[in-house]
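Q: Got a structure here, written out as structure tokens. Questions coming.
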Amino acid sequence: MVGNERFLNVDDVAALFGVSPKTVYGWVHAKTIPHLKLSRSVLRFRPSDIEAWAESRAVAVGAKGGHEAESNPTNQ
């Protein structure tokens, strides 16, 4: 724990997002999720970093993602 934050481990992050630990390791390997590598086999995550990371990946309702034509029956 640093300050008032208790670090999360891989299992905590996996449970938080409803994914497998293997998925979290994939995110770490791809460097898409903020993490602390304390040793060769010890990964930890700051809750505040994870919250900010998740928020940055949020998609606004009604956002255009480029897939509208696939589901729009008027574009046949």
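Naming works like this for the structure tokens: A, B, ... for the chains as they're shown, residue 1 at the start of each chain, ligands 1 onward in shown order.
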Taking the DSSP secondary structure from the backbone, can you list the residues of chain A that are strand (DSSP E or B), as a PDB file with C-alpha atoms, in the first residue's frame?

A:
```pdb
ATOM      1  CA  VAL A   2       1.264   3.451  -0.874  1.00  0.00           C
ATOM      2  CA  GLU A   5      -4.144   3.000  -2.160  1.00  0.00           C
ATOM      3  CA  LEU A   8      -4.263  -4.632  -7.067  1.00  0.00           C
ATOM      4  CA  LEU A  36       3.996  -1.692 -11.967  1.00  0.00           C
ATOM      5  CA  LYS A  37       6.514  -4.436 -12.530  1.00  0.00           C
ATOM      6  CA  LEU A  38       8.072  -4.935  -9.106  1.00  0.00           C
ATOM      7  CA  SER A  39      10.118  -7.970 -10.089  1.00  0.00           C
ATOM      8  CA  VAL A  42       5.315  -9.543  -9.532  1.00  0.00           C
ATOM      9  CA  LEU A  43       2.870  -7.189 -11.237  1.00  0.00           C
ATOM     10  CA  ARG A  44       0.742  -4.673  -9.389  1.00  0.00           C
ATOM     11  CA  PHE A  45      -1.786  -2.070 -10.460  1.00  0.00           C
TER      12      PHE A  45
END
```

Q: Do a neighbour search on region 46-49 of chain A at 12 Å with only C-alpha atoms, toss out local chain neighbours closer than 2 positions, and write the hits as a PyMOL selection string.

A: chain A and resi 1-10+12-13+16+32-37+43-44+51-56

Q: Determine which residues of chain A DSSP labels as helix (DSSP H, G or I) from the backbone of this structure, then write them out as a ChimeraX atom specification.

A: /A:10-17,21-29,47-56,68-71,73-75

Q: Restricting it to N, CA and C atoms, dump the selection as a CSV table (one decimal), in the first residue's frame.

A:
```csv
chain,number,residue,atom,x,y,z
A,10,VAL,N,-3.1,-9.2,-10.5
A,10,VAL,CA,-3.7,-9.6,-11.7
A,10,VAL,C,-5.1,-10.1,-11.5
A,11,ASP,N,-5.2,-11.0,-10.5
A,11,ASP,CA,-6.6,-11.6,-10.2
A,11,ASP,C,-7.6,-10.5,-9.9
A,12,ASP,N,-7.2,-9.5,-9.1
A,12,ASP,CA,-8.1,-8.4,-8.8
A,12,ASP,C,-8.6,-7.7,-10.0
A,13,VAL,N,-7.6,-7.3,-10.9
A,13,VAL,CA,-8.0,-6.6,-12.1
A,13,VAL,C,-8.9,-7.5,-13.0
A,14,ALA,N,-8.6,-8.7,-13.1
A,14,ALA,CA,-9.4,-9.7,-13.9
A,14,ALA,C,-10.8,-9.7,-13.4
A,15,ALA,N,-10.9,-9.8,-12.1
A,15,ALA,CA,-12.3,-9.9,-11.5
A,15,ALA,C,-13.0,-8.5,-11.7
A,16,LEU,N,-12.3,-7.4,-11.6
A,16,LEU,CA,-12.9,-6.1,-11.7
A,16,LEU,C,-13.6,-6.0,-13.1
A,17,PHE,N,-12.9,-6.5,-14.2
A,17,PHE,CA,-13.4,-6.3,-15.5
A,17,PHE,C,-14.1,-7.6,-16.0
A,21,PRO,N,-7.4,-13.9,-16.0
A,21,PRO,CA,-6.1,-13.3,-15.7
A,21,PRO,C,-5.2,-13.4,-17.0
A,22,LYS,N,-5.4,-14.3,-17.9
A,22,LYS,CA,-4.7,-14.4,-19.1
A,22,LYS,C,-4.9,-13.2,-19.9
A,23,THR,N,-6.1,-12.7,-20.0
A,23,THR,CA,-6.4,-11.4,-20.7
A,23,THR,C,-5.6,-10.3,-20.1
A,24,VAL,N,-5.6,-10.2,-18.8
A,24,VAL,CA,-4.8,-9.1,-18.1
A,24,VAL,C,-3.4,-9.2,-18.5
A,25,TYR,N,-2.8,-10.4,-18.4
A,25,TYR,CA,-1.4,-10.6,-18.8
A,25,TYR,C,-1.2,-10.1,-20.3
A,26,GLY,N,-2.1,-10.4,-21.1
A,26,GLY,CA,-2.1,-9.9,-22.5
A,26,GLY,C,-2.0,-8.4,-22.6
A,27,TRP,N,-2.8,-7.7,-21.8
A,27,TRP,CA,-2.8,-6.3,-21.8
A,27,TRP,C,-1.5,-5.8,-21.3
A,28,VAL,N,-0.9,-6.4,-20.3
A,28,VAL,CA,0.4,-6.0,-19.8
A,28,VAL,C,1.4,-6.2,-20.8
A,29,HIS,N,1.4,-7.4,-21.5
A,29,HIS,CA,2.4,-7.7,-22.5
A,29,HIS,C,2.4,-6.6,-23.7
A,47,PRO,N,-5.1,1.3,-8.2
A,47,PRO,CA,-6.5,1.5,-8.5
A,47,PRO,C,-6.8,2.8,-9.3
A,48,SER,N,-6.2,3.9,-8.9
A,48,SER,CA,-6.4,5.2,-9.6
A,48,SER,C,-6.0,5.1,-11.1
A,49,ASP,N,-4.9,4.4,-11.3
A,49,ASP,CA,-4.5,4.2,-12.7
A,49,ASP,C,-5.4,3.4,-13.5
A,50,ILE,N,-5.9,2.3,-12.9
A,50,ILE,CA,-6.9,1.4,-13.6
A,50,ILE,C,-8.2,2.1,-13.9
A,51,GLU,N,-8.7,2.9,-12.9
A,51,GLU,CA,-9.9,3.7,-13.1
A,51,GLU,C,-9.7,4.7,-14.2
A,52,ALA,N,-8.6,5.4,-14.3
A,52,ALA,CA,-8.4,6.4,-15.4
A,52,ALA,C,-8.3,5.7,-16.7
A,53,TRP,N,-7.6,4.5,-16.7
A,53,TRP,CA,-7.4,3.7,-17.9
A,53,TRP,C,-8.8,3.3,-18.5
A,54,ALA,N,-9.6,2.8,-17.6
A,54,ALA,CA,-11.0,2.3,-18.0
A,54,ALA,C,-11.8,3.5,-18.5
A,55,GLU,N,-11.7,4.6,-17.8
A,55,GLU,CA,-12.5,5.8,-18.3
A,55,GLU,C,-12.0,6.3,-19.7
A,56,SER,N,-10.7,6.1,-19.9
A,56,SER,CA,-10.2,6.6,-21.2
A,56,SER,C,-10.7,5.7,-22.4
A,68,GLU,N,-21.7,1.7,-38.3
A,68,GLU,CA,-23.1,2.0,-38.5
A,68,GLU,C,-23.7,1.4,-39.8
A,69,ALA,N,-22.9,1.5,-40.9
A,69,ALA,CA,-23.3,1.0,-42.2
A,69,ALA,C,-23.6,-0.5,-42.2
A,70,GLU,N,-22.9,-1.2,-41.3
A,70,GLU,CA,-23.1,-2.7,-41.3
A,70,GLU,C,-24.4,-3.0,-40.6
A,71,SER,N,-24.9,-2.2,-39.7
A,71,SER,CA,-26.2,-2.5,-39.0
A,71,SER,C,-27.3,-1.7,-39.5
A,73,PRO,N,-30.1,-1.0,-42.0
A,73,PRO,CA,-30.7,-1.6,-43.1
A,73,PRO,C,-31.0,-0.7,-44.3
A,74,THR,N,-30.9,0.6,-44.2
A,74,THR,CA,-31.1,1.5,-45.4
A,74,THR,C,-29.9,1.5,-46.3
A,75,ASN,N,-28.8,0.9,-45.9
A,75,ASN,CA,-27.6,1.0,-46.7
A,75,ASN,C,-27.4,-0.4,-47.5
```
